[in-house]
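These notes are about the structure you will find just below.
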Number of protein chains: 2
Amino acid sequence: MTTDAATLKRPLRADAQRNYDKIVQVAAQAFAEKGTGASLDDIACRAGVGPGTLYRHFPTRDALLAAALHGALDELGDTARRLMAADDPAAALDEWILELARHLRTYGGLPESIATALQDPSSPLCTSCQPMTAGTAKILARAKEAGAVRADVQASDLNALIGSLAWASERRGDSDAALRRLIKLVTDGLRPLSVVE
Amino acid sequence: MTTDAATLKRPLRADAQRNYDKIVQVAAQAFAEKGTGASLDDIACRAGVGPGTLYRHFPTRDALLAAALHGALDELGDTARRLMAADDPAAALDEWILELARHLRTYGGLPESIATALQDPSSPLCTSCQPMTAGTAKILARAKEAGAVRADVQASDLNALIGSLAWASERRGDSDAALRRLIKLVTDGLRPLSVVE
DNA sequence: ACCTGAACACCGTTCAAGT
DNA sequence: ACCTGAACACCGTTCAAGT
C-alpha cells in the first residue's frame with residue numbers, strides 16, 4: 001500500500017509520502033461513495049491537506065483515479081489468468097465479459113472515465129487499465145482460435161462494447177440479473193436462430 | 001416555430017413569447033455546438049435575457065433540451081412511419097437501430113441525457129422522446145411477429161442498447177462506418193455461425 | 001405577470017507565501 | 001522541495017427589486 005508504481009519512481013519525503021497515501025486512501029473511499037466525479041476539494045479536505053497538495057501529486061482527476069483504483073483493476077489480472085487456464089475458451093470469454101462489466105459497475109461513472117481514458121494512451125488511468133486491456137486481448141484471441149468468435153471482432157470493439165453495457169446498466173440501476181440478461185442479449189445476438197450451442 | 005407544445009398551454013405575453021422563442025433557438029444552436037452540457041448562463045446571455053428569465057421558462061436543463069430538440073426528435077416519427085410500411089420487418093428493424101443511433105450521436109452528450117430522461121416518465125425530455133420510444137416499440141413488435149427477433153427482447157432493452165452504442169461511438173469519435181460495424185456486431189451476435197440470412 | 005441582474009453557493013485550479 | 005490556503009474564474013440557481 002505504501003509502495004506504489006508512482007512512489008517507486010523517486011523517494012518521497014516522509015510527510016509527503018504520508019499525505020500521498022492518505023489522499024489515495026480517502027479518494028478510494030470517496031469515489032466508491034460518490035462516484036468518479038467526487039469533489040477533489042472535498043477529498044483534499046478529508047485527507048487533511050490543502051487542494052494545492054492534492055494537485056501537486058495528482059495533476060488531473062484521472063491521475064488520482066488511477067492511483068485509487070489501482071488495486072481493484074489489478075484484481076482483473078488474476079481473473080484473466082484464471083480464465084486463460086479454463087477448459088472452454090468460449091465460456092471463458094463469456095465469463096470475462098460478465099466479470100469486466102461487473103467491475104466497471106462497482107464505481108459510479110467508472111465506465112465513462114475508463115472509456116475516455118482508453119482513447120488516450122498517455123492517460124495514467126489508461127496505464128492502470130493494462131490488466132483489463134491485456135486480459136480482453138488474450139481471452140478474445142484464445143476464443144477466436146477455438147472458432148468461437150468471428151475473426152473480425154477486435155479487442156477494442158469488445159472493450160467499447162462491454163464498457164457501454166456497463167454504462168447502460170449503471171444508468172438504469174439494473175440488478176445483476178438484468179445485467180446478465182443484457183449481456184446475453186448482445187453475445188448471443190438478436191436473431192432467434194443464432195444460438196448454436 | 002412560434003407555436004409550440006409548451007406555448008399552446010397558455011398564451012404568453014408578446015415579449016415573453018419573443019424571449020421564449022429566442023432562448024429555444026439559441027439553445028438549439030448552443031447544444032449542437034457545445035453538446036448537451038452547454039452553459040445555460042451563456043445561452044441566456046446570447047439570447048439577450050438574464051439567467052432568471054431562462055429559469056422561469058425552463059426550470060431544468062432537460063426542459064430546455066426537450067424544447068430545443070423537439071424538431072429533431074419529431075423527425076424520428078416520420079422515419080418510424082416509413083419503416084412500418086417497409087417490406088422486410090427484420091431489415092426495417094436494422095435500419096431503425098442505425099437511424100436511431102445516428103440521431104443520438106448528432107448532439108454531444110445526447111445519449112446520456114436521453115438515457116437518464118427515459119428513466120423518469122415525468123421528465124419533459126422523456127415526453128419529447130415519445131416518437132423514439134413509440135417507434136422502437138412498433139418496429140420491434142413487427143419484427144418479433146415475423147420471427148426475426150427473439151420473443152424475450154424488450155423495447156426498453158433495445159433502447160438502452162442503442163443508446164449505449166451511440167454513447168460508445170460518440171466517445172470513441174467513430175466514423176459512420178465504424179458505427180455500422182459496431183451495430184452489426186451486436187445485432188448479428190458474436191458467434192461465427194450465428195448469421196442466418 | 002414578467003423581466004432583470006446582483007448575489008449566492010458551489011465547482012476546479014493556480015500561485016505567492018511560508019516551512 | 002514541499003505544503004498551505006487565499007484567490008481566481010468559472011459553474012448553476014435564487015430572489016428582491018424593478019416595469
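Here, A, B, ... name the chains of the C-alpha cells in the order displayed, residue numbers run from 1 inside each chain, and ligands are numbered from 1 in the same displayed order.
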
If we count only C-alpha atoms (C1' of nucleotides), which residues of chain D reach to within 10 Å of chain B? Please list them as a PyMOL selection string.
-> chain D and resi 11-15

Residues of chain B no more than 10 Å from chain A, counting only C-alpha atoms: send them over as number ranges by chain.
-> B: 90, 112, 115-116, 118-119, 144, 147-153, 157-169, 171-173, 178, 181-197

Would you list, as a PyMOL selection string, the residues of range 30-146 of chain B that end up in alpha helix (DSSP H) under DSSP run on this structure's backbone?
-> chain B and resi 30-34+40-46+51-57+61-84+89-106+110-118+124-128+130-145

Can you work out the spacing between CA of Pro124 in chain B and CA of Ala63 in chain B in Å, to one decimal?
->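 Taking CA of Pro124 in chain B as the start and CA of Ala63 in chain B as the end point, the length is 5.4 Å.
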
Residues within 10 Å of Ile43 in chain B, only C-alpha atoms (C1' of nucleotides), excluding chain neighbours under 5 positions, as an MDAnalysis selection string | chainID B and resid 22:31 38 48:51 54

Between CA of Leu179 in chain A and CA of Ala80 in chain B, what is the spacing in Å?
->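 Those two atoms sit 28.3 Å apart.
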
Skip DA1 in chain D itself and residues of its chain fewer than 3 positions away, then list as a PDB file with C-alpha atoms (C1' of nucleotides), in the first residue's frame all residues within 12 Å of it, counting only C-alpha atoms (C1' of nucleotides).
```pdb
ATOM      1  CA  LEU A  12       9.249  10.990  -1.246  1.00  0.00           C
ATOM      2  CA  ARG A  13       9.895  12.909   1.904  1.00  0.00           C
ATOM      3  CA  ASP A  15       5.470  13.827   5.300  1.00  0.00           C
ATOM      4  CA  ALA A  16       4.868  13.942   1.547  1.00  0.00           C
ATOM      5  CA  ARG A  56       0.803  18.641  -6.860  1.00  0.00           C
TER       6      ARG A  56
ATOM      7  C1'  DT C  19       8.438  25.930   6.301  1.00  0.00           C
TER       8       DT C  19
END
```

Do you know which residues are at most 10 Å from Ala155 in chain B counting only C-alpha atoms (C1' of nucleotides), after dropping those on the same chain fewer than 4 positions away, and could you put them as a PyMOL selection string?
-> chain B and resi 133-141+159-161

So how many Å separate CA of Ser175 in chain A and CA of Thr106 in chain A, to one decimal?
->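 Here the two named atoms are 12.1 Å from each other.
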